[in-house]
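Shown next: protein_36.cif, given as mmCIF, C-alpha atoms.
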```cif
data_run
#
loop_
_atom_site.label_atom_id
_atom_site.label_comp_id
_atom_site.auth_asym_id
_atom_site.auth_seq_id
_atom_site.Cartn_x
_atom_site.Cartn_y
_atom_site.Cartn_z
CA MET N 1 -4.34 -12.31 -12.86
CA LYS N 2 -5.34 -12.94 -16.46
CA HIS N 3 -8.61 -11.85 -17.95
CA GLU N 4 -10.47 -14.45 -19.98
CA ALA N 5 -11.98 -12.87 -23.08
CA ASP N 6 -15.71 -13.03 -23.70
CA PRO N 7 -16.84 -15.78 -26.12
CA GLU N 8 -17.31 -13.32 -28.98
CA ASP N 9 -13.76 -12.06 -28.43
CA ALA N 10 -12.20 -15.30 -29.61
CA GLU N 11 -11.81 -14.45 -33.33
CA PRO N 12 -11.42 -10.67 -33.71
CA SER N 13 -11.65 -9.25 -37.20
CA SER N 14 -9.64 -6.35 -38.63
CA SER N 15 -12.07 -5.56 -41.47
CA PRO N 16 -13.87 -2.16 -41.28
CA GLN N 17 -16.98 -3.70 -42.80
CA ALA N 18 -20.08 -4.01 -40.65
CA ALA N 19 -22.18 -7.18 -40.49
CA GLY N 20 -24.26 -7.56 -43.62
CA GLY N 21 -21.76 -5.55 -45.73
CA GLU N 22 -22.69 -2.12 -44.34
CA ALA N 23 -19.68 0.19 -44.34
CA VAL N 24 -18.94 2.50 -41.43
CA LEU N 25 -18.00 6.09 -42.25
CA ARG N 26 -14.52 7.00 -41.06
CA GLY N 27 -14.55 9.52 -38.24
CA LYS N 28 -18.20 8.89 -37.33
CA ALA N 29 -17.74 5.47 -35.79
CA THR N 30 -18.97 4.63 -32.32
CA ILE N 31 -17.69 2.15 -29.77
CA ASN N 32 -20.51 -0.15 -30.86
CA ASP N 33 -19.18 -0.07 -34.44
CA VAL N 34 -15.70 -0.97 -33.23
CA ALA N 35 -17.05 -3.86 -31.18
CA ARG N 36 -19.16 -5.16 -34.07
CA LEU N 37 -16.35 -4.98 -36.64
CA ALA N 38 -13.77 -6.50 -34.32
CA LYS N 39 -16.31 -9.18 -33.30
CA VAL N 40 -15.78 -8.54 -29.60
CA SER N 41 -17.93 -7.19 -26.80
CA LYS N 42 -18.32 -3.49 -26.10
CA LYS N 43 -16.80 -4.15 -22.68
CA THR N 44 -13.64 -5.54 -24.28
CA VAL N 45 -13.31 -2.48 -26.52
CA SER N 46 -13.69 -0.30 -23.44
CA ARG N 47 -10.94 -2.26 -21.70
CA VAL N 48 -8.57 -1.68 -24.61
CA ILE N 49 -9.44 2.03 -24.72
CA ASN N 50 -8.71 2.27 -21.01
CA GLU N 51 -5.39 0.43 -21.49
CA SER N 52 -6.50 -2.37 -19.19
CA PRO N 53 -3.82 -5.02 -18.69
CA PHE N 54 -6.50 -7.73 -18.62
CA VAL N 55 -6.98 -8.21 -22.39
CA LYS N 56 -5.09 -10.74 -24.51
CA GLN N 57 -2.50 -9.16 -26.79
CA LYS N 58 -3.98 -10.66 -29.99
CA THR N 59 -7.40 -9.24 -29.17
CA ARG N 60 -5.90 -5.89 -28.15
CA ASP N 61 -3.98 -5.57 -31.46
CA ALA N 62 -7.06 -6.41 -33.55
CA ILE N 63 -9.24 -3.86 -31.75
CA LYS N 64 -6.61 -1.15 -32.07
CA ALA N 65 -6.36 -1.89 -35.80
CA VAL N 66 -10.11 -1.37 -36.22
CA ILE N 67 -9.98 1.81 -34.13
CA ALA N 68 -7.17 3.18 -36.30
CA GLU N 69 -8.89 2.28 -39.57
CA LEU N 70 -12.19 3.84 -38.52
CA GLY N 71 -10.52 6.90 -37.03
CA PHE N 72 -12.50 6.33 -33.85
CA THR N 73 -11.57 8.72 -31.03
CA PRO N 74 -13.13 8.12 -27.60
CA ASP N 75 -14.32 11.20 -25.74
CA PRO N 76 -12.76 11.19 -22.24
CA GLN N 77 -15.59 13.29 -20.82
CA ALA N 78 -18.21 11.00 -22.33
CA ARG N 79 -16.38 7.99 -20.96
CA ALA N 80 -16.29 9.48 -17.48
CA LEU N 81 -19.95 10.47 -17.74
CA ALA N 82 -20.95 6.97 -18.83
CA ARG N 83 -19.09 5.56 -15.85
CA ARG N 84 -20.49 8.30 -13.59
CA LYS N 85 -16.96 8.50 -12.21
CA GLY N 86 -13.72 10.07 -13.28
CA PHE N 87 -10.30 8.64 -13.95
CA LEU N 88 -8.71 9.68 -10.67
CA ILE N 89 -7.39 7.32 -8.03
CA GLY N 90 -7.15 9.03 -4.65
CA LEU N 91 -4.55 8.16 -2.02
CA VAL N 92 -6.05 9.24 1.30
CA TYR N 93 -3.54 9.04 4.13
CA ASP N 94 -2.82 10.09 7.68
CA ASN N 95 0.56 8.50 8.28
CA PRO N 96 3.37 10.21 10.20
CA SER N 97 6.07 8.42 8.16
CA PRO N 98 6.69 10.36 4.93
CA GLN N 99 8.77 7.55 3.41
CA TYR N 100 5.89 5.10 3.84
CA VAL N 101 3.58 7.45 1.92
CA VAL N 102 6.18 7.95 -0.83
CA ASN N 103 6.68 4.21 -1.27
CA ILE N 104 2.92 3.55 -1.43
CA GLN N 105 2.61 6.35 -3.98
CA ARG N 106 5.38 4.89 -6.15
CA GLY N 107 3.69 1.50 -6.16
CA ILE N 108 0.36 3.00 -7.20
CA LEU N 109 2.03 4.89 -10.03
CA ASP N 110 3.71 1.66 -11.18
CA ALA N 111 0.28 0.04 -11.59
CA LEU N 112 -1.34 3.08 -13.25
CA GLU N 113 1.42 3.55 -15.82
CA GLY N 114 0.03 3.18 -19.34
CA THR N 115 -3.58 3.64 -18.24
CA ASP N 116 -5.83 6.70 -18.33
CA PHE N 117 -6.02 6.78 -14.53
CA GLN N 118 -4.18 9.46 -12.60
CA LEU N 119 -3.19 9.63 -8.95
CA VAL N 120 -4.29 12.44 -6.65
CA LEU N 121 -3.08 12.77 -3.05
CA HIS N 122 -5.34 13.75 -0.17
CA PRO N 123 -3.76 14.00 3.29
CA CYS N 124 -6.19 13.99 6.19
CA ASP N 125 -6.19 14.22 9.96
CA ARG N 126 -8.18 11.49 11.68
CA ALA N 127 -7.95 13.41 14.94
CA LYS N 128 -10.33 16.05 13.59
CA PRO N 129 -14.01 15.30 14.22
CA ASP N 130 -14.98 16.30 10.68
CA HIS N 131 -12.33 14.28 8.84
CA VAL N 132 -14.90 11.96 7.21
CA ALA N 133 -16.92 14.96 6.03
CA ARG N 134 -13.74 16.46 4.57
CA ILE N 135 -13.08 13.29 2.59
CA GLN N 136 -16.69 13.27 1.41
CA SER N 137 -16.20 16.84 0.19
CA PHE N 138 -13.03 15.75 -1.64
CA ILE N 139 -15.03 12.97 -3.34
CA GLN N 140 -17.82 15.33 -4.39
CA GLN N 141 -15.33 17.80 -5.81
CA HIS N 142 -13.04 15.39 -7.69
CA LYS N 143 -15.36 12.41 -8.31
CA PRO N 144 -12.58 9.82 -8.14
CA PHE N 145 -13.10 6.34 -9.46
CA GLY N 146 -11.72 4.91 -6.25
CA LEU N 147 -9.57 5.48 -3.18
CA ILE N 148 -6.59 3.67 -1.71
CA LEU N 149 -6.53 3.77 2.09
CA PRO N 150 -3.25 2.90 3.86
CA PRO N 151 -2.97 2.65 7.65
CA SER N 152 -4.42 4.16 9.73
CA VAL N 153 -7.12 5.58 7.46
CA SER N 154 -7.83 2.02 6.35
CA GLU N 155 -8.95 1.18 9.89
CA ASP N 156 -11.65 3.87 9.93
CA GLU N 157 -14.99 2.05 9.80
CA PRO N 158 -17.16 5.22 9.61
CA LEU N 159 -15.16 6.21 6.52
CA ALA N 160 -15.62 2.80 4.91
CA LEU N 161 -19.36 3.05 5.54
CA ALA N 162 -19.48 6.54 4.00
CA LEU N 163 -17.61 5.33 0.91
CA ASN N 164 -20.02 2.43 0.49
CA GLU N 165 -22.97 4.80 0.72
CA ALA N 166 -21.37 7.11 -1.87
CA ASP N 167 -20.71 4.16 -4.21
CA VAL N 168 -16.98 4.89 -4.25
CA ASP N 169 -14.68 1.93 -4.75
CA TYR N 170 -11.77 1.62 -2.35
CA VAL N 171 -8.98 -0.69 -1.25
CA ARG N 172 -7.79 -0.86 2.34
CA ILE N 173 -4.25 -1.75 3.38
CA ALA N 174 -4.13 -2.99 6.96
CA SER N 175 -2.48 -5.47 9.30
CA VAL N 176 -5.82 -7.19 10.02
CA GLU N 177 -8.56 -8.40 7.70
CA LEU N 178 -11.22 -5.68 7.63
CA ASP N 179 -13.08 -6.15 4.34
CA THR N 180 -13.78 -8.39 1.36
CA PRO N 181 -10.82 -9.65 -0.76
CA SER N 182 -11.63 -7.20 -3.57
CA ARG N 183 -11.23 -4.30 -1.12
CA MET N 184 -8.40 -5.50 1.06
CA ILE N 185 -4.62 -5.85 1.15
CA ARG N 186 -3.45 -7.47 4.37
CA THR N 187 0.03 -7.18 5.82
CA LEU N 188 1.16 -9.75 8.37
CA ASP N 189 2.80 -7.25 10.71
CA GLY N 190 2.66 -9.64 13.66
CA ASP N 191 4.92 -12.07 11.81
CA GLY N 192 7.36 -9.23 11.20
CA GLY N 193 7.46 -8.32 14.87
CA ALA N 194 8.07 -11.97 15.71
CA ALA N 195 10.97 -12.11 13.23
CA ALA N 196 12.60 -9.13 14.96
CA GLY N 197 12.16 -10.71 18.39
CA ARG N 198 13.59 -14.06 17.32
CA HIS N 199 16.57 -12.43 15.66
CA LEU N 200 17.57 -10.49 18.78
CA ALA N 201 16.91 -13.45 21.10
CA ASP N 202 18.93 -15.78 18.87
CA LEU N 203 21.87 -13.36 19.07
CA GLY N 204 21.79 -13.78 22.84
CA HIS N 205 20.13 -10.52 23.89
CA ARG N 206 18.09 -10.78 27.07
CA HIS N 207 17.48 -7.14 28.02
CA ILE N 208 15.50 -5.86 25.03
CA ALA N 209 13.44 -2.69 24.60
CA HIS N 210 10.70 -1.79 22.15
CA ILE N 211 9.86 1.62 20.67
CA HIS N 212 6.34 1.33 19.29
CA GLY N 213 4.07 3.44 17.10
CA PRO N 214 0.86 5.30 17.98
CA LEU N 215 -1.68 3.23 19.89
CA SER N 216 -4.32 4.33 17.38
CA PHE N 217 -2.62 2.18 14.70
CA ARG N 218 -3.49 -1.50 14.59
CA SER N 219 -0.04 -2.18 13.15
CA THR N 220 1.43 -0.94 16.44
CA HIS N 221 -0.40 -3.64 18.38
CA GLU N 222 0.23 -6.35 15.78
CA ARG N 223 3.98 -5.69 15.66
CA ARG N 224 4.30 -5.56 19.43
CA ALA N 225 2.20 -8.72 19.90
CA GLY N 226 4.36 -10.63 17.45
CA PHE N 227 7.52 -9.31 19.10
CA GLU N 228 6.37 -10.38 22.57
CA ARG N 229 5.27 -13.76 21.25
CA ALA N 230 8.74 -14.42 19.89
CA LEU N 231 10.40 -13.33 23.13
CA ALA N 232 8.14 -15.66 25.09
CA GLU N 233 9.35 -18.58 22.96
CA THR N 234 12.77 -18.19 24.62
CA GLY N 235 11.45 -17.40 28.07
CA LEU N 236 11.84 -13.63 27.76
CA VAL N 237 9.36 -10.92 28.71
CA LEU N 238 9.11 -7.33 27.49
CA ARG N 239 9.15 -5.34 30.69
CA PRO N 240 6.67 -2.43 30.90
CA ASP N 241 9.48 0.08 31.46
CA MET N 242 11.19 -1.18 28.29
CA ALA N 243 8.23 -0.28 26.02
CA VAL N 244 8.01 3.38 24.95
CA GLU N 245 5.87 5.09 22.31
CA GLY N 246 7.71 6.84 19.50
CA GLY N 247 4.78 7.87 17.31
CA TYR N 248 6.28 6.37 14.11
CA THR N 249 8.40 9.54 13.68
CA PHE N 250 12.13 10.27 13.73
CA GLU N 251 11.73 12.78 16.57
CA GLY N 252 9.67 10.29 18.53
CA GLY N 253 12.38 7.68 18.07
CA VAL N 254 15.02 10.06 19.44
CA ALA N 255 12.95 10.92 22.50
CA ALA N 256 11.95 7.31 23.20
CA ALA N 257 15.51 6.04 22.93
CA GLU N 258 16.80 8.84 25.17
CA HIS N 259 14.26 7.77 27.78
CA LEU N 260 15.39 4.15 27.57
CA LEU N 261 19.09 4.99 27.72
CA ALA N 262 18.64 7.27 30.73
CA GLN N 263 17.61 4.31 32.87
CA SER N 264 20.07 2.78 35.31
CA ASN N 265 20.18 -0.41 33.26
CA PRO N 266 19.94 0.57 29.56
CA PRO N 267 18.77 -2.11 27.11
CA GLN N 268 21.18 -4.32 25.15
CA ALA N 269 18.95 -4.10 22.07
CA ILE N 270 16.08 -2.01 20.73
CA PHE N 271 13.35 -3.06 18.33
CA ALA N 272 11.81 0.04 16.77
CA GLY N 273 8.38 -0.29 15.15
CA ASN N 274 9.50 1.47 11.97
CA ASP N 275 12.70 2.72 10.33
CA GLU N 276 11.93 6.37 11.12
CA MET N 277 12.03 5.64 14.85
CA ALA N 278 15.04 3.36 14.43
CA THR N 279 16.92 6.23 12.76
CA GLY N 280 16.02 8.44 15.70
CA ALA N 281 17.32 5.74 18.05
CA TYR N 282 20.67 5.82 16.20
CA VAL N 283 21.01 9.50 17.05
CA ALA N 284 20.12 9.03 20.73
CA VAL N 285 22.41 6.02 21.15
CA ARG N 286 25.41 7.85 19.72
CA ARG N 287 24.70 11.01 21.70
CA ALA N 288 24.78 8.87 24.83
CA GLY N 289 28.21 7.53 23.88
CA PHE N 290 27.16 3.99 22.96
CA ARG N 291 28.29 2.08 19.87
CA ILE N 292 26.08 0.27 17.35
CA PRO N 293 26.04 -2.74 17.45
CA GLU N 294 28.87 -3.37 19.95
CA ASP N 295 26.94 -1.83 22.85
CA ILE N 296 23.36 -1.72 21.57
CA SER N 297 21.77 -3.56 18.67
CA ILE N 298 18.92 -1.87 16.78
CA VAL N 299 16.23 -3.39 14.55
CA GLY N 300 13.75 -1.37 12.49
CA PHE N 301 10.66 -2.19 10.46
CA ASP N 302 9.66 -1.48 6.80
CA ASP N 303 13.10 -1.54 5.10
CA THR N 304 12.77 1.96 3.69
CA PRO N 305 15.74 3.38 1.68
CA ILE N 306 17.24 5.02 4.77
CA ALA N 307 17.89 1.56 6.27
CA GLY N 308 20.66 0.86 3.78
CA ARG N 309 22.15 4.37 4.04
CA LEU N 310 22.77 4.45 7.78
CA TRP N 311 26.10 3.39 9.20
CA PRO N 312 26.15 0.65 10.13
CA ALA N 313 23.31 -0.33 7.82
CA LEU N 314 20.09 -1.04 9.70
CA THR N 315 18.82 -4.54 10.33
CA THR N 316 15.11 -4.26 9.67
CA VAL N 317 11.94 -6.15 8.86
CA ARG N 318 11.18 -5.71 5.19
CA LEU N 319 7.58 -4.91 4.35
CA PRO N 320 7.21 -4.52 0.55
CA ILE N 321 5.40 -1.18 0.74
CA ARG N 322 5.83 -0.26 -2.92
CA GLU N 323 4.48 -3.64 -4.01
CA MET N 324 1.54 -3.19 -1.63
CA GLY N 325 0.64 0.10 -3.30
CA SER N 326 0.85 -1.52 -6.73
CA ALA N 327 -1.36 -4.41 -5.62
CA ALA N 328 -3.96 -2.01 -4.20
CA ALA N 329 -4.10 -0.03 -7.45
CA THR N 330 -4.35 -3.25 -9.46
CA LEU N 331 -7.39 -4.26 -7.42
CA LEU N 332 -9.04 -0.97 -8.37
CA LEU N 333 -8.16 -1.48 -12.04
CA GLN N 334 -9.75 -4.92 -11.89
CA THR N 335 -12.86 -3.34 -10.40
CA ALA N 336 -12.93 -0.89 -13.31
CA ASP N 337 -12.93 -3.93 -15.61
CA GLY N 338 -15.85 -5.49 -13.77
CA MET N 339 -13.68 -8.10 -12.10
CA THR N 340 -13.90 -9.12 -8.45
CA ALA N 341 -11.00 -10.65 -6.53
CA LYS N 342 -11.96 -13.81 -4.65
CA LYS N 343 -8.74 -14.45 -2.74
CA LEU N 344 -7.31 -12.14 -0.11
CA ILE N 345 -3.92 -10.67 -1.03
CA THR N 346 -1.43 -10.81 1.83
CA PHE N 347 2.15 -9.61 2.22
CA SER N 348 4.53 -11.36 4.60
CA PRO N 349 7.43 -9.41 6.14
CA GLU N 350 10.94 -10.84 6.38
CA ILE N 351 13.97 -9.93 8.44
CA VAL N 352 16.86 -8.29 6.57
CA VAL N 353 20.01 -8.65 8.63
CA ARG N 354 22.59 -5.89 8.28
CA GLY N 355 25.26 -4.34 10.45
CA SER N 356 23.22 -2.82 13.28
CA THR N 357 22.76 -6.09 15.18
CA ALA N 358 25.30 -8.40 16.80
CA ALA N 359 25.71 -10.59 19.85
CA PRO N 360 25.74 -8.55 23.07
CA GLY N 361 29.17 -7.16 24.01
CA THR N 362 30.51 -5.85 27.26
CA ARG N 363 30.16 -2.24 28.34
#
```
Structure translated into structure tokens:
Amino acid sequence: MKHEADPEDAEPSSSPQAAGGEAVLRGKATINDVARLAKVSKKTVSRVINESPFVKQKTRDAIKAVIAELGFTPDPQARALARRKGFLIGLVYDNPSPQYVVNIQRGILDALEGTDFQLVLHPCDRAKPDHVARIQSFIQQHKPFGLILPPSVSEDEPLALALNEADVDYVRIASVELDTPSRMIRTLDGDGGAAAGRHLADLGHRHIAHIHGPLSFRSTHERRAGFERALAETGLVLRPDMAVEGGYTFEGGVAAAEHLLAQSNPPQAIFAGNDEMATGAYVAVRRAGFRIPEDISIVGFDDTPIAGRLWPALTTVRLPIREMGSAAATLLLQTADGMTAKKLITFSPEIVVRGSTAAPGTR
């Protein structure tokens, strides 16, 4: 998204001479002096100081030339005080998948590189009755400019209300539309679940199981709904005994797959709701003496780095988690520049076929 400069930004000047011929003393210049000499708005000077990506390069170079010639040095504390907020971006998360959190973090750092904003992590536990109060205490202590809320923290309406009341900007990442476009990144998890279901059905699998995430996550329901929708397209049904919760963790994936494989008629294929659980399913399948994919095909979700390191490599639904983190941070940077997104940003998953899926064999 490109920022259109203010009208007075069109012809920046590099002369350190104030309007009317009044010179500005080097080292005693203010941001107003810089704006006047560069013939731009104070807001544009502030954007350049904050290394905002939403300023044209010609304007940026002219303002920096004036800043250098005047010897103007912005005071970080004064800047934060004027904004009544600091330069911290908080990542508040309660997600059992450590790789998901790492990928979101990397994306945020990508967007913040070259700016004055810094990332601070704040894990929380939504199961605790005082978790909103704990986040409020974190805000009072650190005074962040804004927060990024991945699932399932993003789905917490009492928290969103508290942030609004505290005048703290935030961006939510969720599988359903929960907020305005300037505060929302939506992931189409249902489409990803459908892609997994179609892939396994197209291979000829008819006895398919699903290891799903915690029921408190909306993504769990979206991924399962899409999966069942795709199965229904080919006349298949996900049997109740073939759906087991795995909690979005490796250990949960092991336990869920062991439960499925202990049945008298084990599944031909397993769709795990994330790669952590899929990795756990690998362990359980091999412990039980089955081969992947000759005996049992496995599909994951997220396409985290582990997917390409397993053997055989994991077929999974790619959700661009790192890009999602970057987009969320960019929305906050736009807010810092006084810009408001009008169009909802969405991310569509896609199936990445690797070696863990094949047509059903014979046991």
* Selection: 10 Å around Pro96 of chain N, all atoms listed in the file, excl. self and same-chain fewer than 4 positions, as a ChimeraX atom specification -> /N:100-101,152,213-214,247-250,276
* To do: Give me the residues within 12 Å of His131 of chain N as a list in words, counting all atoms listed in the file and dropping any in the same chain fewer than 4 places off.
  => Val92, Tyr93, Asp94, His122, Pro123, Cys124, Asp125, Arg126, Ala127, Ile135, Gln136, Ser137, Phe138, Val153, Asp156, Pro158, Leu159 and Ala162 of chain N
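Shortest separation to Val237 of chain N among N:Gly300, N:Gly197, N:Gly273, N:Gly253 occurs at residue N:Gly197, atoms counted being only C-alpha atoms.
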* To do: I would like the residues chosen by the PyMOL selection byres ((chain N and resi 254-265) around 8) on the shown file; could you give them as a list in words?
  => Ala209, Ile211, Met242, Val244, Glu245, Gly246, Phe250, Glu251, Gly252, Gly253, Pro266, Pro267, Met277, Thr279, Gly280, Ala281, Tyr282, Val283, Ala284, Val285 and Ala288 of chain N
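Among the candidates N:Leu37, N:Ala327, N:Ala230, N:Ile208, the one nearest to Ile270 of chain N when counting all atoms listed in the file is N:Ile208.
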* Structure fact -> re atom CA of Asp275 of chain N and atom CA of Leu109 of chain N: distance 23.1 Å
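Closest approach to Gly146 of chain N among N:Asn164, N:Gln268, N:Ser348, N:Gln57 is made by N:Asn164 (distances from only C-alpha atoms).
In this model, the gap between atom CA of Ala196 of chain N and atom CA of Asn274 of chain N comes to 11.4 Å.
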Where does segment 122-230 of chain N meet segment 329-344 of chain N within 7 Å, residue by residue, with the nearest atom pair and distance in Å to one decimal for each, counting all atoms listed in the file, listed by chain and rising number, as JSON lines?
```
{"residue": "N:Gly146", "atom": "CA", "partner": "N:Leu332", "partner_atom": "CA", "distance": 6.8}
{"residue": "N:Pro181", "atom": "CA", "partner": "N:Leu344", "partner_atom": "CA", "distance": 4.4}
{"residue": "N:Ser182", "atom": "CA", "partner": "N:Ala341", "partner_atom": "CA", "distance": 4.6}
{"residue": "N:Met184", "atom": "CA", "partner": "N:Leu344", "partner_atom": "CA", "distance": 6.8}
{"residue": "N:Ile185", "atom": "CA", "partner": "N:Leu344", "partner_atom": "CA", "distance": 7.0}
```
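When all atoms listed in the file are used to measure the gap to Thr304 of chain N, the shortest distance among N:Ile139, N:Ile104, N:Leu215, N:Ile148 belongs to N:Ile104.
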Centre and edge lengths, as JSON, for the axis-aligned box enclosing every listed atom of segment 279-285 of chain N with 8 Å of padding on each of the six sides, in Å to one decimal?
```
{"center_x": 19.2, "center_y": 7.6, "center_z": 17.0, "size_x": 22.4, "size_y": 19.8, "size_z": 24.4}
```
* Structure fact -> atom CA of Gly107 of chain N to atom CA of Pro320 of chain N measures 9.7 Å
* Choose the residue, out of N:Ala225, N:Val102, N:Ala111, N:Leu161, that has the smallest atom-to-atom separation from Pro305 of chain N; count all atoms listed in the file. => N:Val102
* To do: Report as a ChimeraX atom specification the full result of the PyMOL selection byres ((chain N and resi 88) around 7) when it is applied to this structure.
  => /N:86-87,89-90,117-120,144-145
* Asked: So which residues get picked by the PyMOL selection byres ((chain N and resi 204) around 12) here, written as a PyMOL selection string?
  -> chain N and resi 197-203+205-208+231+234+236+268-269+297+357-361
* With distances taken over only C-alpha atoms, which of N:Ser41, N:Thr180, N:Ser46, N:Thr220 is nearest to Gly193 of chain N? -> N:Thr220
Which neighbours of Phe72 of chain N fall inside 9 Å, counting only C-alpha atoms, when residues of the same chain fewer than 3 positions from it are skipped, and could you give them as a CSV table (one decimal) with C-alpha atoms, in the frame of the given file?
```
chain,number,residue,atom,x,y,z
N,26,ARG,CA,-14.5,7.0,-41.1
N,27,GLY,CA,-14.6,9.5,-38.2
N,28,LYS,CA,-18.2,8.9,-37.3
N,29,ALA,CA,-17.7,5.5,-35.8
N,30,THR,CA,-19.0,4.6,-32.3
N,31,ILE,CA,-17.7,2.2,-29.8
N,34,VAL,CA,-15.7,-1.0,-33.2
N,66,VAL,CA,-10.1,-1.4,-36.2
N,67,ILE,CA,-10.0,1.8,-34.1
N,68,ALA,CA,-7.2,3.2,-36.3
N,69,GLU,CA,-8.9,2.3,-39.6
```
